[in-house]
Structures are given as C-alpha cells and as structure tokens.
Amino acid sequence: MPRTSTAYRFRRFGIVRDAEPDAEPHSYALECAVCAATGPRSDDPGTAHEWIPAHLRAHPEHLTYREHVTRPYRAVPGEWL
C-alpha cells in the first residue's frame, strides 16, 4: 500500500474593516429597549434615528433605545508561520 503524507502550514491573519469597492455598506438600525420593536435599517445613521420620535409618540413610556451598527470586516492574509 502506498504511503502518503500531509504537510500543514499555519498563517497569521489580520482583521480589518472591509474597504474594498464591493464591500457591504455600513448599516444602522434602532431598537426600543422596552418592547424590542426595531426601526428600518439604513445606511445613513440620521435616517435610522428618525424612527425614535415616531415610536415615542406611539409609546410615550418607551424612553430607552439601542443602536445596532453593522460594519463589514475581512481577514487579510499575513505571514506564514
């Protein structure tokens, strides 16, 4: 029976924000911390924040919110070890 062998090499990787032309855009959304309702996701933080006053008018007791920001990252190959 033939003998086979396998060699493995390890490599370092860096993690960076994805600034490539085809990268996903940053996106923003706001969530009510009281009822977990979420406003529309937008690539503009100002547009995402416009949801809060409408939600607050409908629910005056909902005073706390969370911002969810999505930013793309990528792994960049580095040196071989």
# chains A, B, ... in the order shown; residues from 1 in each chain; ligands from 1
call {"tool": "residues_around", "arguments": {"residues": "Phe10 of chain A", "least_positions_apart": "6", "cutoff": "10 Å", "atoms": "only C-alpha atoms", "output": "JSON, numbers by chain"}}
result
{"A": [79, 80, 81]}
call {"tool": "residues_around", "arguments": {"residues": "Thr70 of chain A", "least_positions_apart": "4", "cutoff": "9 Å", "atoms": "only C-alpha atoms", "output": "CSV table (one decimal) with N, CA and C atoms, in the first residue's frame"}}
result
chain,number,residue,atom,x,y,z
A,25,PRO,N,-22.2,47.8,2.6
A,25,PRO,CA,-22.2,49.2,3.2
A,25,PRO,C,-22.5,49.0,4.8
A,26,HIS,N,-22.0,50.1,5.5
A,26,HIS,CA,-22.4,50.1,6.9
A,26,HIS,C,-23.9,50.3,7.0
A,27,SER,N,-24.5,49.8,8.0
A,27,SER,CA,-25.9,50.0,8.2
A,27,SER,C,-26.2,50.2,9.7
A,28,TYR,N,-27.3,50.9,9.9
A,28,TYR,CA,-27.7,51.3,11.2
A,28,TYR,C,-29.2,51.0,11.4
A,29,ALA,N,-29.6,50.6,12.6
A,29,ALA,CA,-31.0,50.4,13.0
A,29,ALA,C,-31.1,50.7,14.5
call {"tool": "residues_around", "arguments": {"residues": "segment 51-60 of chain A", "least_positions_apart": "5", "cutoff": "9 Å", "atoms": "only C-alpha atoms", "output": "PyMOL selection string"}}
result
chain A and resi 29-32+37-40+65
call {"tool": "write_last_selection", "arguments": {"atoms": "N, CA, C and O atoms", "output": "PDB file, in the first residue's frame"}}
result
ATOM      1  N   ALA A  29     -29.571  50.636  12.635  1.00  0.00           N
ATOM      2  CA  ALA A  29     -30.969  50.423  12.999  1.00  0.00           C
ATOM      3  C   ALA A  29     -31.108  50.709  14.492  1.00  0.00           C
ATOM      4  O   ALA A  29     -30.168  50.526  15.261  1.00  0.00           O
ATOM      5  N   LEU A  30     -32.268  51.172  14.891  1.00  0.00           N
ATOM      6  CA  LEU A  30     -32.554  51.451  16.293  1.00  0.00           C
ATOM      7  C   LEU A  30     -33.581  50.455  16.804  1.00  0.00           C
ATOM      8  O   LEU A  30     -34.494  50.063  16.080  1.00  0.00           O
ATOM      9  N   GLU A  31     -33.408  50.061  18.049  1.00  0.00           N
ATOM     10  CA  GLU A  31     -34.322  49.113  18.690  1.00  0.00           C
ATOM     11  C   GLU A  31     -34.815  49.711  19.996  1.00  0.00           C
ATOM     12  O   GLU A  31     -34.035  50.279  20.761  1.00  0.00           O
ATOM     13  N   CYS A  32     -36.095  49.586  20.258  1.00  0.00           N
ATOM     14  CA  CYS A  32     -36.660  50.003  21.534  1.00  0.00           C
ATOM     15  C   CYS A  32     -36.245  48.972  22.580  1.00  0.00           C
ATOM     16  O   CYS A  32     -36.486  47.774  22.427  1.00  0.00           O
ATOM     17  N   ALA A  37     -39.164  46.484  19.580  1.00  0.00           N
ATOM     18  CA  ALA A  37     -39.520  46.891  18.221  1.00  0.00           C
ATOM     19  C   ALA A  37     -38.286  47.510  17.577  1.00  0.00           C
ATOM     20  O   ALA A  37     -37.472  48.152  18.251  1.00  0.00           O
ATOM     21  N   THR A  38     -38.143  47.319  16.274  1.00  0.00           N
ATOM     22  CA  THR A  38     -36.972  47.817  15.567  1.00  0.00           C
ATOM     23  C   THR A  38     -37.389  48.699  14.412  1.00  0.00           C
ATOM     24  O   THR A  38     -38.320  48.363  13.672  1.00  0.00           O
ATOM     25  N   GLY A  39     -36.698  49.805  14.252  1.00  0.00           N
ATOM     26  CA  GLY A  39     -36.949  50.690  13.132  1.00  0.00           C
ATOM     27  C   GLY A  39     -36.283  50.164  11.874  1.00  0.00           C
ATOM     28  O   GLY A  39     -35.568  49.166  11.904  1.00  0.00           O
ATOM     29  N   PRO A  40     -36.494  50.840  10.759  1.00  0.00           N
ATOM     30  CA  PRO A  40     -35.907  50.375   9.496  1.00  0.00           C
ATOM     31  C   PRO A  40     -34.385  50.510   9.501  1.00  0.00           C
ATOM     32  O   PRO A  40     -33.832  51.438  10.072  1.00  0.00           O
ATOM     33  N   TYR A  65     -33.405  53.161  24.123  1.00  0.00           N
ATOM     34  CA  TYR A  65     -33.214  52.579  22.789  1.00  0.00           C
ATOM     35  C   TYR A  65     -31.793  52.059  22.650  1.00  0.00           C
ATOM     36  O   TYR A  65     -30.889  52.486  23.362  1.00  0.00           O
TER      37      TYR A  65
END
call {"tool": "select_by_dssp", "arguments": {"residues": "segment 1-35 of chain A", "states": "strand (DSSP E or B)", "output": "VMD selection string"}}
result
chain A and resid 11 to 17 27 to 32
call {"tool": "write_last_selection", "arguments": {"atoms": "all heavy atoms", "output": "short mmCIF file (atom, residue, chain, number, x, y, z; two decimals), in the first residue's frame"}}
result
data_model
loop_
_atom_site.label_atom_id
_atom_site.label_comp_id
_atom_site.auth_asym_id
_atom_site.auth_seq_id
_atom_site.Cartn_x
_atom_site.Cartn_y
_atom_site.Cartn_z
N ARG A 11 -0.78 30.18 9.17
CA ARG A 11 -0.61 31.54 8.68
C ARG A 11 -1.29 32.51 9.63
O ARG A 11 -2.36 32.22 10.16
CB ARG A 11 -1.25 31.64 7.29
CG ARG A 11 -0.93 32.89 6.57
CD ARG A 11 -1.43 32.82 5.15
NE ARG A 11 -0.77 33.82 4.35
CZ ARG A 11 -0.91 33.96 3.06
NH1 ARG A 11 -1.70 33.13 2.40
NH2 ARG A 11 -0.28 34.90 2.42
N ARG A 12 -0.69 33.67 9.81
CA ARG A 12 -1.33 34.74 10.58
C ARG A 12 -2.32 35.46 9.68
O ARG A 12 -2.11 35.55 8.48
CB ARG A 12 -0.31 35.74 11.08
CG ARG A 12 0.62 35.20 12.12
CD ARG A 12 1.42 36.33 12.74
NE ARG A 12 2.45 35.82 13.60
CZ ARG A 12 2.28 35.49 14.86
NH1 ARG A 12 1.09 35.62 15.41
NH2 ARG A 12 3.28 35.03 15.58
N PHE A 13 -3.37 35.98 10.28
CA PHE A 13 -4.34 36.80 9.56
C PHE A 13 -4.61 38.06 10.37
O PHE A 13 -4.64 38.02 11.60
CB PHE A 13 -5.66 36.05 9.35
CG PHE A 13 -5.60 35.04 8.25
CD1 PHE A 13 -5.12 33.77 8.48
CD2 PHE A 13 -6.02 35.37 6.97
CE1 PHE A 13 -5.06 32.83 7.46
CE2 PHE A 13 -5.96 34.45 5.96
CZ PHE A 13 -5.48 33.18 6.20
N GLY A 14 -4.79 39.16 9.69
CA GLY A 14 -5.20 40.40 10.34
C GLY A 14 -6.68 40.63 10.05
O GLY A 14 -7.18 40.21 9.00
N ILE A 15 -7.38 41.25 10.96
CA ILE A 15 -8.80 41.57 10.77
C ILE A 15 -8.91 43.08 10.61
O ILE A 15 -8.49 43.83 11.49
CB ILE A 15 -9.65 41.08 11.96
CG1 ILE A 15 -9.41 39.60 12.24
CG2 ILE A 15 -11.11 41.38 11.73
CD1 ILE A 15 -9.75 38.68 11.09
N VAL A 16 -9.46 43.51 9.48
CA VAL A 16 -9.57 44.94 9.17
C VAL A 16 -10.97 45.25 8.66
O VAL A 16 -11.67 44.36 8.16
CB VAL A 16 -8.53 45.38 8.11
CG1 VAL A 16 -7.11 45.17 8.63
CG2 VAL A 16 -8.73 44.65 6.80
N ARG A 17 -11.36 46.51 8.77
CA ARG A 17 -12.62 46.92 8.16
C ARG A 17 -12.52 46.72 6.66
O ARG A 17 -11.49 47.01 6.06
CB ARG A 17 -12.94 48.38 8.46
CG ARG A 17 -13.40 48.57 9.87
CD ARG A 17 -13.97 49.95 10.04
NE ARG A 17 -14.36 50.13 11.43
CZ ARG A 17 -14.72 51.28 11.94
NH1 ARG A 17 -14.74 52.35 11.18
NH2 ARG A 17 -15.06 51.36 13.19
N SER A 27 -24.48 49.76 8.03
CA SER A 27 -25.91 49.97 8.19
C SER A 27 -26.22 50.21 9.66
O SER A 27 -25.46 49.82 10.55
CB SER A 27 -26.71 48.78 7.66
OG SER A 27 -26.43 47.61 8.38
N TYR A 28 -27.34 50.89 9.89
CA TYR A 28 -27.74 51.32 11.22
C TYR A 28 -29.21 51.00 11.42
O TYR A 28 -30.01 51.10 10.49
CB TYR A 28 -27.54 52.83 11.38
CG TYR A 28 -26.14 53.27 11.05
CD1 TYR A 28 -25.77 53.55 9.74
CD2 TYR A 28 -25.18 53.37 12.05
CE1 TYR A 28 -24.47 53.94 9.44
CE2 TYR A 28 -23.88 53.75 11.75
CZ TYR A 28 -23.53 54.03 10.44
OH TYR A 28 -22.25 54.40 10.13
N ALA A 29 -29.57 50.64 12.63
CA ALA A 29 -30.97 50.42 13.00
C ALA A 29 -31.11 50.71 14.49
O ALA A 29 -30.17 50.53 15.26
CB ALA A 29 -31.42 49.00 12.70
N LEU A 30 -32.27 51.17 14.89
CA LEU A 30 -32.55 51.45 16.29
C LEU A 30 -33.58 50.45 16.80
O LEU A 30 -34.49 50.06 16.08
CB LEU A 30 -33.10 52.87 16.46
CG LEU A 30 -32.08 54.01 16.57
CD1 LEU A 30 -31.30 53.90 17.86
CD2 LEU A 30 -31.17 54.12 15.41
N GLU A 31 -33.41 50.06 18.05
CA GLU A 31 -34.32 49.11 18.69
C GLU A 31 -34.82 49.71 20.00
O GLU A 31 -34.04 50.28 20.76
CB GLU A 31 -33.59 47.81 18.97
CG GLU A 31 -34.41 46.80 19.74
CD GLU A 31 -33.60 45.59 20.18
OE1 GLU A 31 -32.36 45.61 20.06
OE2 GLU A 31 -34.22 44.64 20.66
N CYS A 32 -36.10 49.59 20.26
CA CYS A 32 -36.66 50.00 21.53
C CYS A 32 -36.25 48.97 22.58
O CYS A 32 -36.49 47.77 22.43
CB CYS A 32 -38.19 50.08 21.44
SG CYS A 32 -38.97 50.48 23.02
#
call {"tool": "select_by_dssp", "arguments": {"residues": "chain A", "states": "helix (DSSP H, G or I)", "output": "PDB file with C-alpha atoms, in the first residue's frame"}}
result
ATOM      1  CA  PRO A  45     -27.484  56.895  10.792  1.00  0.00           C
ATOM      2  CA  GLY A  46     -29.646  60.034  10.702  1.00  0.00           C
ATOM      3  CA  THR A  47     -32.355  58.228   8.767  1.00  0.00           C
ATOM      4  CA  ALA A  48     -32.264  55.319  11.216  1.00  0.00           C
ATOM      5  CA  HIS A  49     -32.595  57.730  14.165  1.00  0.00           C
ATOM      6  CA  TRP A  51     -37.682  56.239  13.775  1.00  0.00           C
ATOM      7  CA  ILE A  52     -37.378  57.059  17.504  1.00  0.00           C
ATOM      8  CA  PRO A  53     -39.724  60.101  17.622  1.00  0.00           C
ATOM      9  CA  ALA A  54     -42.485  58.182  15.806  1.00  0.00           C
ATOM     10  CA  HIS A  55     -42.142  55.221  18.166  1.00  0.00           C
ATOM     11  CA  LEU A  56     -42.021  57.548  21.165  1.00  0.00           C
ATOM     12  CA  ARG A  57     -45.241  59.305  20.072  1.00  0.00           C
ATOM     13  CA  ALA A  58     -46.998  55.940  19.885  1.00  0.00           C
TER      14      ALA A  58
END
call {"tool": "atom_distance", "arguments": {"atom1": "atom CA of Glu67 of chain A", "atom2": "atom CA of Asp43 of chain A"}}
result
12.9 Å
call {"tool": "atom_distance", "arguments": {"atom1": "atom CA of Asp22 of chain A", "atom2": "atom CA of Arg41 of chain A"}}
result
19.4 Å
call {"tool": "decode", "arguments": {"residues": "chain A", "atoms": "C-alpha atoms", "output": "tab-separated table (two decimals), in the first residue's frame"}}
result
chain	number	residue	atom	x	y	z
A	1	MET	CA	0.00	0.00	0.00
A	2	PRO	CA	1.48	3.42	-0.93
A	3	ARG	CA	2.38	5.71	1.91
A	4	THR	CA	1.10	9.28	1.74
A	5	SER	CA	1.98	12.22	3.93
A	6	THR	CA	0.37	15.56	4.51
A	7	ALA	CA	2.08	18.78	5.50
A	8	TYR	CA	0.25	21.67	7.10
A	9	ARG	CA	1.37	25.30	7.31
A	10	PHE	CA	-0.09	27.92	9.60
A	11	ARG	CA	-0.61	31.54	8.68
A	12	ARG	CA	-1.33	34.74	10.58
A	13	PHE	CA	-4.34	36.80	9.56
A	14	GLY	CA	-5.20	40.40	10.34
A	15	ILE	CA	-8.80	41.57	10.77
A	16	VAL	CA	-9.57	44.94	9.17
A	17	ARG	CA	-12.62	46.92	8.16
A	18	ASP	CA	-13.57	45.97	4.63
A	19	ALA	CA	-12.89	49.00	2.44
A	20	GLU	CA	-12.97	47.11	-0.86
A	21	PRO	CA	-15.26	48.59	-3.57
A	22	ASP	CA	-17.58	45.57	-3.33
A	23	ALA	CA	-17.81	45.62	0.50
A	24	GLU	CA	-21.22	45.68	2.11
A	25	PRO	CA	-22.23	49.17	3.25
A	26	HIS	CA	-22.37	50.12	6.92
A	27	SER	CA	-25.91	49.97	8.19
A	28	TYR	CA	-27.74	51.32	11.22
A	29	ALA	CA	-30.97	50.42	13.00
A	30	LEU	CA	-32.55	51.45	16.29
A	31	GLU	CA	-34.32	49.11	18.69
A	32	CYS	CA	-36.66	50.00	21.53
A	33	ALA	CA	-35.15	48.52	24.71
A	34	VAL	CA	-38.63	48.28	26.26
A	35	CYS	CA	-40.59	46.33	23.62
A	36	ALA	CA	-37.83	45.21	21.20
A	37	ALA	CA	-39.52	46.89	18.22
A	38	THR	CA	-36.97	47.82	15.57
A	39	GLY	CA	-36.95	50.69	13.13
A	40	PRO	CA	-35.91	50.38	9.50
A	41	ARG	CA	-32.29	49.59	8.71
A	42	SER	CA	-30.49	52.34	6.78
A	43	ASP	CA	-27.02	53.13	5.50
A	44	ASP	CA	-27.49	56.63	6.97
A	45	PRO	CA	-27.48	56.89	10.79
A	46	GLY	CA	-29.65	60.03	10.70
A	47	THR	CA	-32.36	58.23	8.77
A	48	ALA	CA	-32.26	55.32	11.22
A	49	HIS	CA	-32.60	57.73	14.16
A	50	GLU	CA	-35.72	59.31	12.67
A	51	TRP	CA	-37.68	56.24	13.77
A	52	ILE	CA	-37.38	57.06	17.50
A	53	PRO	CA	-39.72	60.10	17.62
A	54	ALA	CA	-42.48	58.18	15.81
A	55	HIS	CA	-42.14	55.22	18.17
A	56	LEU	CA	-42.02	57.55	21.17
A	57	ARG	CA	-45.24	59.30	20.07
A	58	ALA	CA	-47.00	55.94	19.88
A	59	HIS	CA	-45.44	54.72	23.16
A	60	PRO	CA	-44.57	57.71	25.41
A	61	GLU	CA	-43.34	55.44	28.21
A	62	HIS	CA	-40.65	53.83	25.96
A	63	LEU	CA	-37.64	56.01	26.74
A	64	THR	CA	-34.63	53.75	26.13
A	65	TYR	CA	-33.21	52.58	22.79
A	66	ARG	CA	-30.30	50.62	21.36
A	67	GLU	CA	-28.41	51.35	18.18
A	68	HIS	CA	-27.32	48.39	16.05
A	69	VAL	CA	-24.42	49.19	13.74
A	70	THR	CA	-23.25	46.72	11.11
A	71	ARG	CA	-19.76	47.20	9.66
A	72	PRO	CA	-18.13	44.73	7.29
A	73	TYR	CA	-14.73	43.29	8.19
A	74	ARG	CA	-12.40	40.99	6.34
A	75	ALA	CA	-9.47	38.70	7.13
A	76	VAL	CA	-6.21	39.74	5.44
A	77	PRO	CA	-3.60	37.00	4.99
A	78	GLY	CA	-0.29	37.72	6.69
A	79	GLU	CA	2.99	35.93	7.18
A	80	TRP	CA	3.37	32.19	7.02
A	81	LEU	CA	4.48	30.61	10.29
